[in-house]
file final_9.csv (CSV, C-alpha atoms)
chain,number,residue,atom,x,y,z
A,1,MET,CA,75.5,164.8,85.8
A,2,SER,CA,76.8,161.5,87.1
A,3,GLU,CA,78.6,163.0,90.0
A,4,LYS,CA,76.9,164.4,93.1
A,5,ILE,CA,75.9,168.1,93.1
A,6,LYS,CA,78.1,170.0,95.4
A,7,ILE,CA,75.9,172.5,97.3
A,8,ILE,CA,76.9,175.0,99.9
A,9,HIS,CA,74.4,176.7,102.2
A,10,LEU,CA,75.8,180.0,103.5
A,11,THR,CA,74.5,181.9,106.5
A,12,ASP,CA,75.7,184.1,109.3
A,13,SER,CA,75.3,181.6,112.2
A,14,LEU,CA,73.2,178.6,113.3
A,15,GLY,CA,71.9,179.5,116.7
A,16,VAL,CA,68.2,179.2,117.7
A,17,GLY,CA,65.8,181.0,115.3
A,18,GLY,CA,63.4,180.6,112.5
A,19,LEU,CA,65.9,181.1,109.7
A,20,GLU,CA,68.3,178.6,111.2
A,21,ARG,CA,65.5,176.0,111.7
A,22,ASN,CA,64.4,176.4,108.1
A,23,LEU,CA,67.9,176.0,106.9
A,24,TYR,CA,68.4,172.9,109.0
A,25,ASN,CA,65.1,171.4,107.7
A,26,THR,CA,66.2,172.1,104.1
A,27,VAL,CA,69.7,170.7,104.4
A,28,THR,CA,68.6,167.5,106.2
A,29,ARG,CA,65.8,166.8,103.8
A,30,LEU,CA,68.0,167.0,100.6
A,31,ASP,CA,68.8,163.6,99.1
A,32,ASN,CA,72.3,162.4,100.3
A,33,LEU,CA,72.7,160.4,97.2
A,34,LYS,CA,72.2,163.4,94.9
A,35,TYR,CA,73.8,166.2,96.9
A,36,ASP,CA,77.2,166.6,98.6
A,37,LYS,CA,76.1,169.1,101.3
A,38,GLU,CA,78.0,171.6,103.4
A,39,VAL,CA,76.9,174.6,105.5
A,40,TRP,CA,79.2,177.5,105.9
A,41,CYS,CA,78.7,180.1,108.7
A,42,LEU,CA,80.3,183.5,108.4
A,43,LEU,CA,80.1,184.5,112.1
A,44,SER,CA,79.6,181.5,114.4
A,45,GLY,CA,78.1,178.1,114.8
A,46,GLY,CA,75.4,177.3,117.4
A,47,LYS,CA,72.7,174.7,118.2
A,48,PHE,CA,71.8,173.8,114.7
A,49,ALA,CA,75.5,173.6,113.7
A,50,ASP,CA,75.9,170.9,116.3
A,51,ASP,CA,72.7,169.2,115.2
A,52,LEU,CA,73.9,169.2,111.6
A,53,SER,CA,77.2,167.7,112.5
A,54,LYS,CA,75.5,165.0,114.4
A,55,VAL,CA,73.7,163.9,111.2
A,56,GLY,CA,76.8,164.0,109.2
A,57,VAL,CA,76.6,167.4,107.5
A,58,LYS,CA,79.9,169.2,107.4
A,59,VAL,CA,79.8,172.7,108.9
A,60,LYS,CA,82.5,175.3,108.4
A,61,VAL,CA,82.7,178.4,110.6
A,62,PHE,CA,84.7,181.4,109.2
A,63,ASP,CA,84.7,183.3,112.6
A,64,TYR,CA,84.3,186.6,110.8
A,65,GLN,CA,83.7,189.6,113.0
A,66,PRO,CA,81.9,192.8,111.8
A,67,ARG,CA,84.9,195.0,112.6
A,68,MET,CA,87.1,192.9,110.2
A,69,ASN,CA,87.8,193.9,106.6
A,70,LYS,CA,85.0,192.8,104.4
A,71,PHE,CA,87.3,192.6,101.4
A,72,SER,CA,89.4,189.9,103.1
A,73,LEU,CA,86.2,187.9,103.8
A,74,LEU,CA,85.1,188.3,100.2
A,75,LEU,CA,88.5,187.1,99.0
A,76,LYS,CA,88.5,184.2,101.5
A,77,LEU,CA,85.0,183.1,100.3
A,78,ILE,CA,86.1,183.3,96.6
A,79,LEU,CA,89.2,181.1,97.2
A,80,LYS,CA,87.2,178.6,99.3
A,81,LEU,CA,84.4,178.4,96.7
A,82,ARG,CA,86.8,177.9,93.8
A,83,LYS,CA,88.8,175.2,95.8
A,84,SER,CA,85.6,173.4,96.7
A,85,ASN,CA,84.3,173.1,93.1
A,86,VAL,CA,80.8,174.2,94.1
A,87,HIS,CA,77.9,173.7,91.8
A,88,LEU,CA,75.2,175.4,93.7
A,89,LEU,CA,75.4,178.2,96.3
A,90,HIS,CA,72.4,178.9,98.5
A,91,THR,CA,72.6,181.9,100.8
A,92,HIS,CA,70.3,182.6,103.7
A,93,GLY,CA,69.8,186.0,105.3
A,94,TYR,CA,70.3,189.8,104.7
A,95,SER,CA,74.0,190.2,105.5
A,96,CYS,CA,75.3,187.2,103.7
A,97,ASN,CA,73.1,187.3,100.6
A,98,PHE,CA,75.1,190.2,99.0
A,99,ILE,CA,78.6,189.1,99.9
A,100,GLY,CA,77.9,185.4,99.4
A,101,ASN,CA,76.4,185.8,95.9
A,102,LEU,CA,79.1,188.3,94.9
A,103,ALA,CA,81.7,185.7,95.9
A,104,GLY,CA,79.8,183.1,94.1
A,105,LEU,CA,79.7,185.1,90.9
A,106,LEU,CA,83.4,185.9,91.1
A,107,SER,CA,84.3,182.3,91.7
A,108,PHE,CA,82.2,181.1,88.8
A,109,VAL,CA,79.6,179.1,90.8
A,110,PRO,CA,77.1,178.3,88.1
A,111,ILE,CA,73.9,178.3,90.3
A,112,ARG,CA,73.4,181.0,92.9
A,113,ILE,CA,70.2,181.3,95.0
A,114,ALA,CA,69.4,183.7,97.9
A,115,THR,CA,66.7,183.3,100.5
A,116,VAL,CA,65.1,186.4,102.1
A,117,GLN,CA,63.3,186.0,105.4
A,118,ASN,CA,62.5,189.5,106.5
A,119,LEU,CA,60.8,192.6,105.3
A,120,TYR,CA,63.4,195.3,104.4
A,121,TYR,CA,62.5,198.7,105.6
A,122,ASN,CA,64.5,201.8,106.8
A,123,LEU,CA,67.6,200.6,104.9
A,124,SER,CA,70.2,203.2,104.0
A,125,LYS,CA,70.7,203.9,100.3
A,126,LYS,CA,73.9,201.9,100.4
A,127,GLU,CA,72.2,198.9,102.0
A,128,LYS,CA,69.3,199.0,99.5
A,129,PHE,CA,71.8,199.1,96.6
A,130,LYS,CA,73.6,196.0,97.9
A,131,GLN,CA,70.3,194.1,98.0
A,132,TYR,CA,69.3,195.6,94.6
A,133,LEU,CA,72.4,194.0,93.1
A,134,LEU,CA,70.9,190.5,93.8
A,135,ASN,CA,69.1,191.2,90.5
A,136,PHE,CA,72.5,190.5,88.8
A,137,LEU,CA,74.4,188.4,91.4
A,138,CYS,CA,72.1,185.4,91.7
A,139,ASN,CA,69.8,183.3,89.5
A,140,LYS,CA,66.8,183.4,91.8
A,141,VAL,CA,65.7,185.0,95.0
A,142,ILE,CA,63.4,182.9,97.3
A,143,ALA,CA,61.0,185.0,99.4
A,144,CYS,CA,59.5,183.3,102.4
A,145,SER,CA,56.1,184.9,101.9
A,146,GLU,CA,54.2,187.1,99.4
A,147,SER,CA,54.6,190.0,101.7
A,148,VAL,CA,58.4,189.6,101.5
A,149,LYS,CA,58.2,189.4,97.7
A,150,MET,CA,56.2,192.6,97.6
A,151,CYS,CA,58.7,194.4,99.9
A,152,LEU,CA,61.6,193.3,97.7
A,153,VAL,CA,59.8,194.5,94.5
A,154,LYS,CA,58.6,197.9,95.9
A,155,ASN,CA,61.4,198.8,98.3
A,156,ILE,CA,64.5,197.2,96.8
A,157,ARG,CA,63.4,197.1,93.2
A,158,ILE,CA,64.1,193.4,92.6
A,159,ASN,CA,62.7,192.2,89.4
A,160,PRO,CA,59.5,190.3,90.3
A,161,ASP,CA,60.5,187.6,87.7
A,162,LYS,CA,63.6,187.0,89.7
A,163,ILE,CA,61.6,186.1,92.8
A,164,VAL,CA,59.9,182.9,93.8
A,165,VAL,CA,57.8,182.5,96.9
A,166,ILE,CA,58.5,179.4,98.9
A,167,TYR,CA,56.9,179.6,102.4
A,168,ASN,CA,58.7,178.9,105.6
A,169,SER,CA,57.6,175.5,106.8
A,170,ILE,CA,57.9,173.0,109.6
A,171,ASP,CA,59.1,169.4,109.5
A,172,THR,CA,56.2,167.5,111.1
A,173,THR,CA,58.2,164.3,111.5
A,174,PHE,CA,60.0,166.0,114.4
A,175,MET,CA,56.7,167.0,116.0
A,176,ILE,CA,55.4,163.4,116.6
A,177,ASN,CA,56.2,162.3,120.1
A,178,SER,CA,54.7,159.2,121.7
A,179,ASP,CA,55.9,160.5,125.2
A,180,LEU,CA,54.0,163.8,124.8
A,181,VAL,CA,51.6,163.1,127.7
A,182,VAL,CA,54.5,162.5,130.1
A,183,GLN,CA,56.2,165.7,129.0
A,184,GLN,CA,52.9,167.7,129.4
A,185,MET,CA,52.6,166.6,133.0
A,186,GLY,CA,56.2,167.4,133.6
A,187,LEU,CA,55.9,170.9,132.2
A,188,ARG,CA,52.7,171.6,134.1
A,189,THR,CA,54.4,170.6,137.3
A,190,ARG,CA,57.6,172.5,136.5
A,191,PHE,CA,55.7,175.8,135.9
A,192,ASN,CA,52.9,175.3,138.6
A,193,ILE,CA,50.2,175.1,136.0
A,194,THR,CA,46.9,173.5,137.2
A,195,ASP,CA,44.1,172.0,135.1
A,196,THR,CA,42.0,175.1,135.8
A,197,ASN,CA,44.6,177.5,134.3
A,198,ILE,CA,44.2,178.9,130.8
A,199,VAL,CA,47.7,179.0,129.3
A,200,LEU,CA,48.7,181.7,126.9
A,201,GLY,CA,52.1,181.2,125.1
A,202,THR,CA,54.4,183.1,122.9
A,203,VAL,CA,57.7,181.9,121.3
A,204,SER,CA,60.4,184.2,120.0
A,205,ARG,CA,63.7,185.9,120.9
A,206,LEU,CA,63.2,188.5,123.6
A,207,VAL,CA,63.9,191.6,121.5
A,208,PRO,CA,61.9,194.8,121.1
A,209,VAL,CA,60.3,194.0,117.7
A,210,LYS,CA,58.5,191.0,119.1
A,211,GLY,CA,56.3,193.1,121.3
A,212,HIS,CA,56.4,191.2,124.5
A,213,LYS,CA,55.9,194.3,126.7
A,214,PHE,CA,52.5,194.9,125.0
A,215,LEU,CA,51.5,191.3,125.8
A,216,ILE,CA,52.5,191.7,129.4
A,217,LYS,CA,50.5,194.9,129.7
A,218,ALA,CA,47.5,193.0,128.2
A,219,ILE,CA,47.9,190.3,130.8
A,220,LYS,CA,47.8,193.0,133.5
A,221,LYS,CA,44.5,194.3,132.1
A,222,LEU,CA,43.1,190.8,132.0
A,223,ILE,CA,44.0,190.1,135.7
A,224,GLU,CA,42.4,193.4,136.7
A,225,LYS,CA,39.3,192.3,134.9
A,226,GLY,CA,39.2,189.1,137.0
A,227,TYR,CA,40.7,186.6,134.6
A,228,LYS,CA,43.0,185.2,137.3
A,229,GLN,CA,43.1,181.7,135.8
A,230,VAL,CA,45.3,183.0,133.0
A,231,ARG,CA,49.0,182.1,132.9
A,232,LEU,CA,51.5,183.4,130.3
A,233,LEU,CA,54.5,181.4,129.1
A,234,ILE,CA,57.2,183.5,127.5
A,235,ILE,CA,59.3,181.0,125.7
A,236,GLY,CA,62.7,182.1,124.5
A,237,ASP,CA,65.6,184.3,125.6
A,238,GLY,CA,67.3,187.5,124.5
A,239,PRO,CA,68.7,190.9,125.4
A,240,LEU,CA,65.3,192.3,126.6
A,241,LYS,CA,64.8,189.6,129.3
A,242,GLN,CA,65.8,191.7,132.3
A,243,GLU,CA,63.7,194.6,131.2
A,244,LEU,CA,60.7,192.3,130.7
A,245,VAL,CA,61.2,190.6,134.1
A,246,LYS,CA,61.3,194.0,135.8
A,247,LEU,CA,58.0,195.0,134.1
A,248,VAL,CA,56.4,191.8,135.4
A,249,ILE,CA,57.7,192.5,138.9
A,250,ASP,CA,56.5,196.2,138.7
A,251,PHE,CA,53.0,194.9,137.7
A,252,ASN,CA,53.0,192.2,140.5
A,253,LEU,CA,52.5,189.6,137.8
A,254,GLU,CA,55.1,187.1,139.0
A,255,ARG,CA,52.3,184.5,139.7
A,256,TYR,CA,50.9,184.9,136.2
A,257,VAL,CA,53.9,185.2,133.9
A,258,VAL,CA,56.7,182.6,133.4
A,259,PHE,CA,59.9,183.1,131.5
A,260,THR,CA,61.1,179.7,130.4
A,261,GLY,CA,64.5,180.7,128.9
A,262,THR,CA,66.0,179.1,125.9
A,263,ILE,CA,64.2,175.8,124.9
A,264,ASP,CA,65.7,173.5,122.4
A,265,ASN,CA,62.5,171.6,121.7
A,266,VAL,CA,59.5,173.8,122.0
A,267,TYR,CA,56.9,171.3,120.7
A,268,PRO,CA,55.9,169.8,124.1
A,269,PHE,CA,55.1,173.4,125.2
A,270,PHE,CA,52.6,173.8,122.4
A,271,SER,CA,50.7,170.8,123.8
A,272,ILE,CA,50.1,172.7,127.1
A,273,ILE,CA,49.3,176.1,125.5
A,274,ASP,CA,45.6,177.0,125.1
A,275,ILE,CA,46.0,180.3,123.2
A,276,PHE,CA,49.0,181.3,121.1
A,277,VAL,CA,49.9,185.0,120.9
A,278,GLN,CA,52.4,186.7,118.5
A,279,PRO,CA,52.4,190.4,119.5
A,280,SER,CA,55.2,191.5,117.1
A,281,ILE,CA,55.3,195.2,116.0
A,282,ILE,CA,57.5,195.1,112.9
A,283,GLN,CA,59.7,192.9,110.8
A,284,GLU,CA,57.8,189.6,110.3
A,285,GLY,CA,58.4,187.7,107.1
A,286,LEU,CA,56.5,184.6,108.2
A,287,PRO,CA,57.2,183.5,111.8
A,288,LEU,CA,57.7,179.7,112.2
A,289,SER,CA,56.2,179.9,115.7
A,290,ILE,CA,52.8,180.8,114.2
A,291,ILE,CA,53.0,177.9,111.7
A,292,GLU,CA,53.9,175.6,114.6
A,293,ALA,CA,50.9,176.9,116.7
A,294,ALA,CA,48.7,176.3,113.6
A,295,TYR,CA,49.9,172.7,113.3
A,296,PHE,CA,48.8,172.1,116.9
A,297,GLY,CA,45.4,173.6,116.1
A,298,LEU,CA,45.7,176.4,118.7
A,299,PRO,CA,43.6,179.5,118.7
A,300,ILE,CA,46.0,182.2,117.5
A,301,ILE,CA,46.2,185.9,118.0
A,302,ALA,CA,48.8,187.8,116.0
A,303,SER,CA,49.7,191.3,114.8
A,304,ASP,CA,48.5,192.2,111.3
A,305,ILE,CA,51.9,192.7,109.8
A,306,GLY,CA,54.0,191.2,107.0
A,307,GLY,CA,53.5,187.6,106.1
A,308,ILE,CA,51.4,186.8,109.2
A,309,ARG,CA,48.2,187.6,107.3
A,310,GLU,CA,49.1,184.8,104.9
A,311,ILE,CA,48.4,182.2,107.5
A,312,ILE,CA,46.1,184.1,109.9
A,313,ILE,CA,42.9,185.1,108.1
A,314,HIS,CA,41.0,187.3,110.5
A,315,GLU,CA,38.1,185.4,112.3
A,316,LYS,CA,38.7,182.3,110.1
A,317,THR,CA,42.1,180.9,111.1
A,318,GLY,CA,42.8,183.3,114.0
A,319,LEU,CA,42.5,186.9,115.1
A,320,LEU,CA,44.6,189.8,113.8
A,321,THR,CA,45.4,192.8,116.0
A,322,VAL,CA,46.9,196.2,115.4
A,323,PRO,CA,50.6,196.1,116.4
A,324,GLY,CA,51.2,197.8,119.8
A,325,ASP,CA,47.4,198.2,120.5
A,326,ILE,CA,47.2,196.9,124.0
A,327,ASP,CA,43.4,197.4,124.3
A,328,MET,CA,42.8,195.5,121.1
A,329,LEU,CA,45.1,192.7,122.1
A,330,THR,CA,43.4,192.5,125.5
A,331,LYS,CA,39.9,192.3,123.9
A,332,SER,CA,41.0,189.6,121.5
A,333,ILE,CA,42.3,187.4,124.3
A,334,GLU,CA,39.1,188.1,126.3
A,335,TRP,CA,37.0,187.2,123.3
A,336,ILE,CA,38.7,183.8,123.0
A,337,LEU,CA,38.4,183.2,126.7
A,338,ASN,CA,34.6,183.7,126.4
A,339,ASN,CA,34.2,182.0,123.0
A,340,ILE,CA,36.4,179.0,123.3
A,341,GLU,CA,34.4,176.7,121.1
A,342,LYS,CA,34.4,179.2,118.2
A,343,ALA,CA,38.1,179.8,118.8
A,344,LYS,CA,38.8,176.0,118.6
A,345,LEU,CA,37.1,176.0,115.1
A,346,MET,CA,39.6,178.7,114.0
A,347,GLY,CA,42.4,176.5,115.3
A,348,ILE,CA,41.2,173.6,113.3
A,349,ALA,CA,41.0,175.8,110.1
A,350,ALA,CA,44.5,177.1,110.8
A,351,LYS,CA,45.8,173.5,111.1
A,352,GLU,CA,44.2,172.6,107.8
A,353,LEU,CA,45.8,175.5,106.1
A,354,CYS,CA,49.2,174.7,107.7
A,355,LEU,CA,49.1,171.1,106.4
A,356,ASN,CA,48.2,172.3,102.9
A,357,LYS,CA,50.9,175.0,102.5
A,358,PHE,CA,53.4,175.2,105.3
A,359,THR,CA,55.0,171.7,105.8
A,360,SER,CA,58.4,170.6,104.7
A,361,ASP,CA,56.8,168.0,102.4
A,362,VAL,CA,55.3,170.8,100.4
A,363,THR,CA,58.2,173.3,100.4
A,364,MET,CA,60.9,170.8,99.8
A,365,THR,CA,59.2,169.8,96.6
A,366,GLN,CA,59.3,173.4,95.5
A,367,ILE,CA,62.9,173.9,96.5
A,368,GLU,CA,64.1,170.7,94.8
A,369,ASN,CA,62.1,171.7,91.6
A,370,LEU,CA,63.9,175.0,91.7
A,371,TYR,CA,67.3,173.3,92.1
A,372,ASN,CA,66.5,170.8,89.3
A,373,PHE,CA,65.5,173.6,86.9
A,374,TYR,CA,68.9,175.2,87.1
A,375,ILE,CA,70.9,171.9,87.4
A,376,LYS,CA,69.4,170.8,84.1
A,377,GLY,CA,70.0,174.1,82.5
A,378,LYS,CA,73.5,174.9,83.7
A,379,LEU,CA,75.2,171.6,84.7
A,380,LYS,CA,74.7,169.5,81.5
call {"tool": "encode", "arguments": {"input": "final_9.csv", "output": "structure tokens"}}
result
Amino acid sequence: MSEKIKIIHLTDSLGVGGLERNLYNTVTRLDNLKYDKEVWCLLSGGKFADDLSKVGVKVKVFDYQPRMNKFSLLLKLILKLRKSNVHLLHTHGYSCNFIGNLAGLLSFVPIRIATVQNLYYNLSKKEKFKQYLLNFLCNKVIACSESVKMCLVKNIRINPDKIVVIYNSIDTTFMINSDLVVQQMGLRTRFNITDTNIVLGTVSRLVPVKGHKFLIKAIKKLIEKGYKQVRLLIIGDGPLKQELVKLVIDFNLERYVVFTGTIDNVYPFFSIIDIFVQPSIIQEGLPLSIIEAAYFGLPIIASDIGGIREIIIHEKTGLLTVPGDIDMLTKSIEWILNNIEKAKLMGIAAKELCLNKFTSDVTMTQIENLYNFYIKGKLK
């Protein structure tokens, strides 16, 4: 084709999160000379909507609310897609994969791709059926990890030939900062962290599935064992914050646990963290925060669930723990505190794996190859 490829990326919203960051990285890395790019949000905009607008990517927000009639949204999407003369529709996320690709099919968009980030479990029959229909509504389903692919095949009955695994990834160009030392000093001062402290960190929304309460209870056990040099940075915000703050107060851990709130740029925090912990209990496709921690070469402790085991190989690139097992989590942290040199070697191995498999340079090649395959086949 001589004209640009019109591509629409469709998602629910563009707030702070792994899905949103992956979408941002994908859209901004696509060639402006080849693609006419837009991002459509069904529900709302957010931080990454603003960031995309700043770099010249058009963002449309539909302001749909869950209580509204879904048929009216479907009709609106169909009309908008037809009017926009879209060549390629790429949907991101559970709720918009079905309605987006249905609208794409009914508006004759020739190329339709869906990205799945999470493990689907405990879905109703109706919800499973909607996701099962992706077999017929789209050309390809991108799973963010092998674990997600396995879940789609076993639980949703998606044809395995319909699925391609393209890992979540980080754009390392945004992680290079010449002013990092200054930011490190500022963060240490801001959170009263001294050179003798050992800093544990976790990055995620404060929601039950991320397992923060188990990590706080592990910190309590460590302090009781005499590891009073430990400090925990809980980076992120969410509906569980007040409950977690109360737990910290009840345990008299105010001196040891810090809630940073929402942080737009978390990368300077990784430079002051000594041990990264991801204590999730369910629902992890492949967390970006673990990939980021691996890039910084940090010793990592994470729950043995979902796609996590595809980057954390136990005792090689980090330590895996049983979800919700406070004693095991405590012992894993304690082992690293007492074997820091061995732990650093695991961090180095994790970084090497990250650079080989989980950077945007690697995944963007895979995404563009996928796009090109269908562009050549359907847009001659």
call {"tool": "residues_around", "arguments": {"input": "final_9.csv", "residues": "Phe98 (chain A)", "least_positions_apart": "6", "cutoff": "8 Å", "atoms": "only C-alpha atoms", "output": "ChimeraX atom specification"}}
result
/A:130-131,133-134,137
call {"tool": "residues_around", "arguments": {"input": "final_9.csv", "residues": "Glu334 (chain A)", "least_positions_apart": "3", "cutoff": "12 Å", "atoms": "all atoms listed in the file", "output": "list in words"}}
result
Ile198, Leu200, Ala218, Ile219, Lys221, Leu222, Ile223, Lys225, Gly226, Tyr227, Val230, Ile275, Ile301, Leu319, Asp327, Met328, Leu329, Thr330, Lys331, Leu337, Asn338, Asn339, Ile340 and Ala343 of chain A
call {"tool": "residues_around", "arguments": {"input": "final_9.csv", "residues": "Tyr256 (chain A)", "least_positions_apart": "2", "cutoff": "6 Å", "atoms": "all atoms listed in the file", "output": "PyMOL selection string"}}
result
chain A and resi 231+253-254
call {"tool": "atom_distance", "arguments": {"input": "final_9.csv", "atom1": "CA of Asn168 (chain A)", "atom2": "CA of Ile308 (chain A)"}}
result
11.3 Å
call {"tool": "closest_residue", "arguments": {"input": "final_9.csv", "among": "A:Leu370, A:Leu74, A:Ile234, A:Ile273", "to": "Ser204 (chain A)", "atoms": "only C-alpha atoms"}}
result
A:Ile234
call {"tool": "decode", "arguments": {"input": "final_9.csv", "residues": "region 19-73 of chain A", "atoms": "C-alpha atoms", "output": "PDB file, in the first residue's frame"}}
result
ATOM      1  CA  LEU A  19      -1.386  -2.725  30.313  1.00  0.00           C
ATOM      2  CA  GLU A  20      -1.468   1.024  29.764  1.00  0.00           C
ATOM      3  CA  ARG A  21       2.317   1.331  29.798  1.00  0.00           C
ATOM      4  CA  ASN A  22       2.667  -1.529  27.327  1.00  0.00           C
ATOM      5  CA  LEU A  23       0.128   0.115  25.034  1.00  0.00           C
ATOM      6  CA  TYR A  24       1.951   3.444  25.282  1.00  0.00           C
ATOM      7  CA  ASN A  25       5.288   1.818  24.425  1.00  0.00           C
ATOM      8  CA  THR A  26       3.764  -0.012  21.444  1.00  0.00           C
ATOM      9  CA  VAL A  27       2.015   3.029  19.990  1.00  0.00           C
ATOM     10  CA  THR A  28       4.958   5.397  20.383  1.00  0.00           C
ATOM     11  CA  ARG A  29       7.410   2.919  18.893  1.00  0.00           C
ATOM     12  CA  LEU A  30       5.366   2.342  15.715  1.00  0.00           C
ATOM     13  CA  ASP A  31       6.763   4.101  12.631  1.00  0.00           C
ATOM     14  CA  ASN A  32       4.988   7.446  12.078  1.00  0.00           C
ATOM     15  CA  LEU A  33       5.793   7.275   8.370  1.00  0.00           C
ATOM     16  CA  LYS A  34       4.044   3.924   7.974  1.00  0.00           C
ATOM     17  CA  TYR A  35       1.145   4.186  10.446  1.00  0.00           C
ATOM     18  CA  ASP A  36      -1.580   6.727  11.055  1.00  0.00           C
ATOM     19  CA  LYS A  37      -2.102   5.973  14.773  1.00  0.00           C
ATOM     20  CA  GLU A  38      -4.965   6.708  17.146  1.00  0.00           C
ATOM     21  CA  VAL A  39      -5.891   5.388  20.584  1.00  0.00           C
ATOM     22  CA  TRP A  40      -9.542   5.078  21.597  1.00  0.00           C
ATOM     23  CA  CYS A  41     -10.581   4.713  25.250  1.00  0.00           C
ATOM     24  CA  LEU A  42     -14.021   3.311  26.015  1.00  0.00           C
ATOM     25  CA  LEU A  43     -14.230   4.602  29.595  1.00  0.00           C
ATOM     26  CA  SER A  44     -11.756   7.394  30.340  1.00  0.00           C
ATOM     27  CA  GLY A  45      -8.369   8.901  29.600  1.00  0.00           C
ATOM     28  CA  GLY A  46      -5.632   9.231  32.215  1.00  0.00           C
ATOM     29  CA  LYS A  47      -1.892   9.772  32.551  1.00  0.00           C
ATOM     30  CA  PHE A  48      -0.895   7.867  29.437  1.00  0.00           C
ATOM     31  CA  ALA A  49      -3.627   9.570  27.409  1.00  0.00           C
ATOM     32  CA  ASP A  50      -1.993  12.873  28.292  1.00  0.00           C
ATOM     33  CA  ASP A  51       1.457  11.498  27.494  1.00  0.00           C
ATOM     34  CA  LEU A  52       0.309  10.233  24.092  1.00  0.00           C
ATOM     35  CA  SER A  53      -1.278  13.572  23.256  1.00  0.00           C
ATOM     36  CA  LYS A  54       2.003  15.309  24.097  1.00  0.00           C
ATOM     37  CA  VAL A  55       3.839  13.240  21.469  1.00  0.00           C
ATOM     38  CA  GLY A  56       1.196  13.874  18.821  1.00  0.00           C
ATOM     39  CA  VAL A  57      -0.928  10.705  19.057  1.00  0.00           C
ATOM     40  CA  LYS A  58      -4.648  11.408  18.813  1.00  0.00           C
ATOM     41  CA  VAL A  59      -6.659  10.009  21.741  1.00  0.00           C
ATOM     42  CA  LYS A  60     -10.468   9.693  21.655  1.00  0.00           C
ATOM     43  CA  VAL A  61     -12.452   9.022  24.846  1.00  0.00           C
ATOM     44  CA  PHE A  62     -15.979   7.582  24.470  1.00  0.00           C
ATOM     45  CA  ASP A  63     -16.947   8.224  28.133  1.00  0.00           C
ATOM     46  CA  TYR A  64     -18.932   4.995  28.223  1.00  0.00           C
ATOM     47  CA  GLN A  65     -20.218   3.993  31.662  1.00  0.00           C
ATOM     48  CA  PRO A  66     -20.908   0.352  32.670  1.00  0.00           C
ATOM     49  CA  ARG A  67     -24.578   1.142  33.372  1.00  0.00           C
ATOM     50  CA  MET A  68     -25.082   2.366  29.808  1.00  0.00           C
ATOM     51  CA  ASN A  69     -26.576   0.247  27.043  1.00  0.00           C
ATOM     52  CA  LYS A  70     -23.848  -1.913  25.499  1.00  0.00           C
ATOM     53  CA  PHE A  71     -25.693  -2.089  22.191  1.00  0.00           C
ATOM     54  CA  SER A  72     -25.475   1.689  21.845  1.00  0.00           C
ATOM     55  CA  LEU A  73     -21.722   1.506  22.465  1.00  0.00           C
TER      56      LEU A  73
END
